[in-house]
Structures are given as structure tokens and as C-alpha cells.
Amino acid sequence: IDTIKARLQTQTWIKGSGTVYRNFVHGLGEIWRAEGLRGLYRGFGPTVLGSIPASCVYFTAYELTKSELGKHFSGDSPFFVHLAGGMIAETVSCVLWVPIDVVKERMQIQSLPKGSSAAELKLAQGHGFYSGGADAMRSIWRTEGLAGFYRGYGATVLSFGPFSALYFTFYEQLKRKIERSYFDRAQETYVSQMPTSVFLFCGAVAGAGASFFTNPLDLVKLRMQVQRQSGREVPSAERYLHTGDGLVKLARSEGMPGMLRGV
């Protein structure tokens, strides 16, 4: 899903990016036909390895922030506690998330047709093509240094921060409303435990809502992270200097459909 979203968000912006996908279903079919399962899971290795420590930092920071803020704000202000908790958690964990994101997304937007050799394409395209996660990290370090791994750091915080803030706010508020139907006010106790399906529902709705509102920020973040990749032809006039510049150029050149690309 993430691979298709990344290609949908960059395909009209990167010159010569190849097949233009009309929508998610069309993208899924085209990638499967041309690249097979490995095309859909490009960048999977670095993501899995990096997400373990990053997720630990993320949820630990959220719980600690929520706990500390809860001591200073009354029960009438849960909205602010969840909003601030999500924002702070993302800001802290981005130290680990951004390098993972850069490697993952640069691998996701490159195409490796069925039957073709990653080594051959690497030879033909040089640093513009990554044969795997380890090769991507070596190439970025060699050509861009540490700054390459933190490309778009500010944009990532401005993208993931609001997403996490909105996600936890929507999730906690929705869960709290549903909890009321399981609470017996007369006996002042819960009549039953909420089923797992309720938590899954709350998570899905919260994720969808947060994704919709932050999609323009996520799109700009993604483009900033891949625009310096060798072999990717992005006209200098269209490159994003920072998040604000990216949002202005995106709105001016692609309008609302462009801002919601990949939703």
C-alpha cells in the first residue's frame, strides 16, 4: 500500500518516472504485472529492522508525555494531552524514523522489472539505483553524507507530527465515546470489556482521518526526501526548498487533486 502511495505521489513530478497510475487499484495491478511481489514490497527490509527501535521510542515518548501532562491538566482537557503527546512522540522518534523513511521511499519509487537483475541496473544507473537496503545506505552515505539520511527532517516532523497528534486525539476521543456504552452509571462499573474489534475500528477511523488532513504535508515530505536521488530528473524550478515552498508549488501546479494524491 505504501509503495503504491509513494509512486502515486511522485509520478507526475519526477520526469521520466515511467508508468502513470490512474488510481490505487490500477497501480497495484501495474506493479504486480511488471515487477511482481518484490515490487510491492520494495524497501521492506530496512523498514522492518528500523521500525522496532523507532516504534519503541515513539510509544514510550507518547505514554510518558501523556502521563506527565495528565498530572498538570484536569480531566476536562484530554484533547490537549493527546494532541501534545502525539506531537512530542513523533518529534522525538523522528531521529530514528527519518533515515528509515529516506531509504524506504527512495527504494519504493524505483522500478525493477521481472527478470531483470538488480546488479545490472545498478551498473547502468550508478548511484541512481539501489540494489537493496544495504546498498541504498552505502550510496546515500557516500554521495550525500549524514545529511542525506536526514533529508526533509523538518518536513517529516511537520508531516508526521500533526498526523500523530490528530491520530491519538481521534483515537482516544472515539474510544472514550464508545466506552460510555459499556459503563453502568448506576453501579459505577463497566458491564463488560470492550471487544478487540472496537479498538481496531477506532484505530482505522483515527488513521483515515489523520491521513486525510495531513496528506499534503506527507506528499511534500516524500518529494523532498527523494528529489536529491541521483538519476531522478526533477527540474530545479520544481524542487522544493522547504515545506512551505513545497506546499505553495504543489497547490499552484497541481491544485486540490494533487494535494490529495495518494489518499
# chains A, B, ... in the order shown; residues from 1 in each chain; ligands from 1

$ select_by_dssp --residues "segment 16-257 of chain A" --states "strand (DSSP E)" --output "list in words"
Phe183, Asp184, Thr189 and Tyr190 of chain A

$ write_last_selection --atoms "N, CA and C atoms" --output "mmCIF file, in the first residue's frame"
data_model
loop_
_atom_site.group_PDB
_atom_site.id
_atom_site.type_symbol
_atom_site.label_atom_id
_atom_site.label_comp_id
_atom_site.auth_asym_id
_atom_site.auth_seq_id
_atom_site.Cartn_x
_atom_site.Cartn_y
_atom_site.Cartn_z
ATOM 1 N N PHE A 183 -20.458 1.321 30.119
ATOM 2 C CA PHE A 183 -20.375 1.730 31.527
ATOM 3 C C PHE A 183 -21.760 1.862 32.141
ATOM 4 N N ASP A 184 -21.970 1.223 33.284
ATOM 5 C CA ASP A 184 -23.237 1.296 34.009
ATOM 6 C C ASP A 184 -23.108 2.365 35.079
ATOM 7 N N THR A 189 -19.684 0.914 37.270
ATOM 8 C CA THR A 189 -18.727 -0.106 36.821
ATOM 9 C C THR A 189 -19.009 -0.448 35.356
ATOM 10 N N TYR A 190 -18.033 -1.046 34.694
ATOM 11 C CA TYR A 190 -18.216 -1.456 33.312
ATOM 12 C C TYR A 190 -18.967 -2.779 33.277
#

$ residues_around --residues "Val226 of chain A" --least-positions-apart "6" --cutoff "8 Å" --atoms "only C-alpha atoms" --output "list in words"
Val102, Glu105 and Arg106 of chain A

$ select_by_dssp --residues "segment 3-206 of chain A" --states "helix (DSSP H, G or I)" --output "JSON, numbers by chain"
{"A": [3, 4, 5, 6, 7, 8, 9, 10, 24, 25, 26, 27, 28, 29, 30, 31, 32, 33, 34, 35, 37, 38, 39, 40, 44, 45, 46, 47, 48, 49, 50, 51, 52, 53, 54, 55, 56, 57, 58, 59, 60, 61, 62, 63, 64, 65, 66, 67, 68, 69, 70, 71, 72, 78, 79, 80, 81, 82, 83, 84, 85, 86, 87, 88, 89, 90, 91, 92, 93, 94, 95, 96, 97, 98, 99, 100, 101, 102, 103, 104, 105, 106, 107, 108, 118, 119, 120, 121, 122, 123, 124, 125, 126, 127, 128, 133, 134, 135, 136, 137, 138, 139, 140, 141, 142, 143, 144, 146, 147, 148, 149, 153, 154, 155, 156, 157, 158, 159, 160, 161, 162, 163, 164, 165, 166, 167, 168, 169, 170, 171, 172, 173, 174, 175, 176, 177, 178, 179, 180, 181, 182, 196, 197, 198, 199, 200, 201, 202, 203, 204, 205, 206]}

$ residues_around --residues "Gly132 of chain A" --least-positions-apart "6" --cutoff "9 Å" --atoms "only C-alpha atoms" --output "count of residues only"
5

$ residues_around --residues "Ile1 of chain A" --least-positions-apart "3" --cutoff "12 Å" --atoms "only C-alpha atoms" --output "PyMOL selection string"
chain A and resi 4-8+23-25+27-29+31+39-42+44+108+262-263
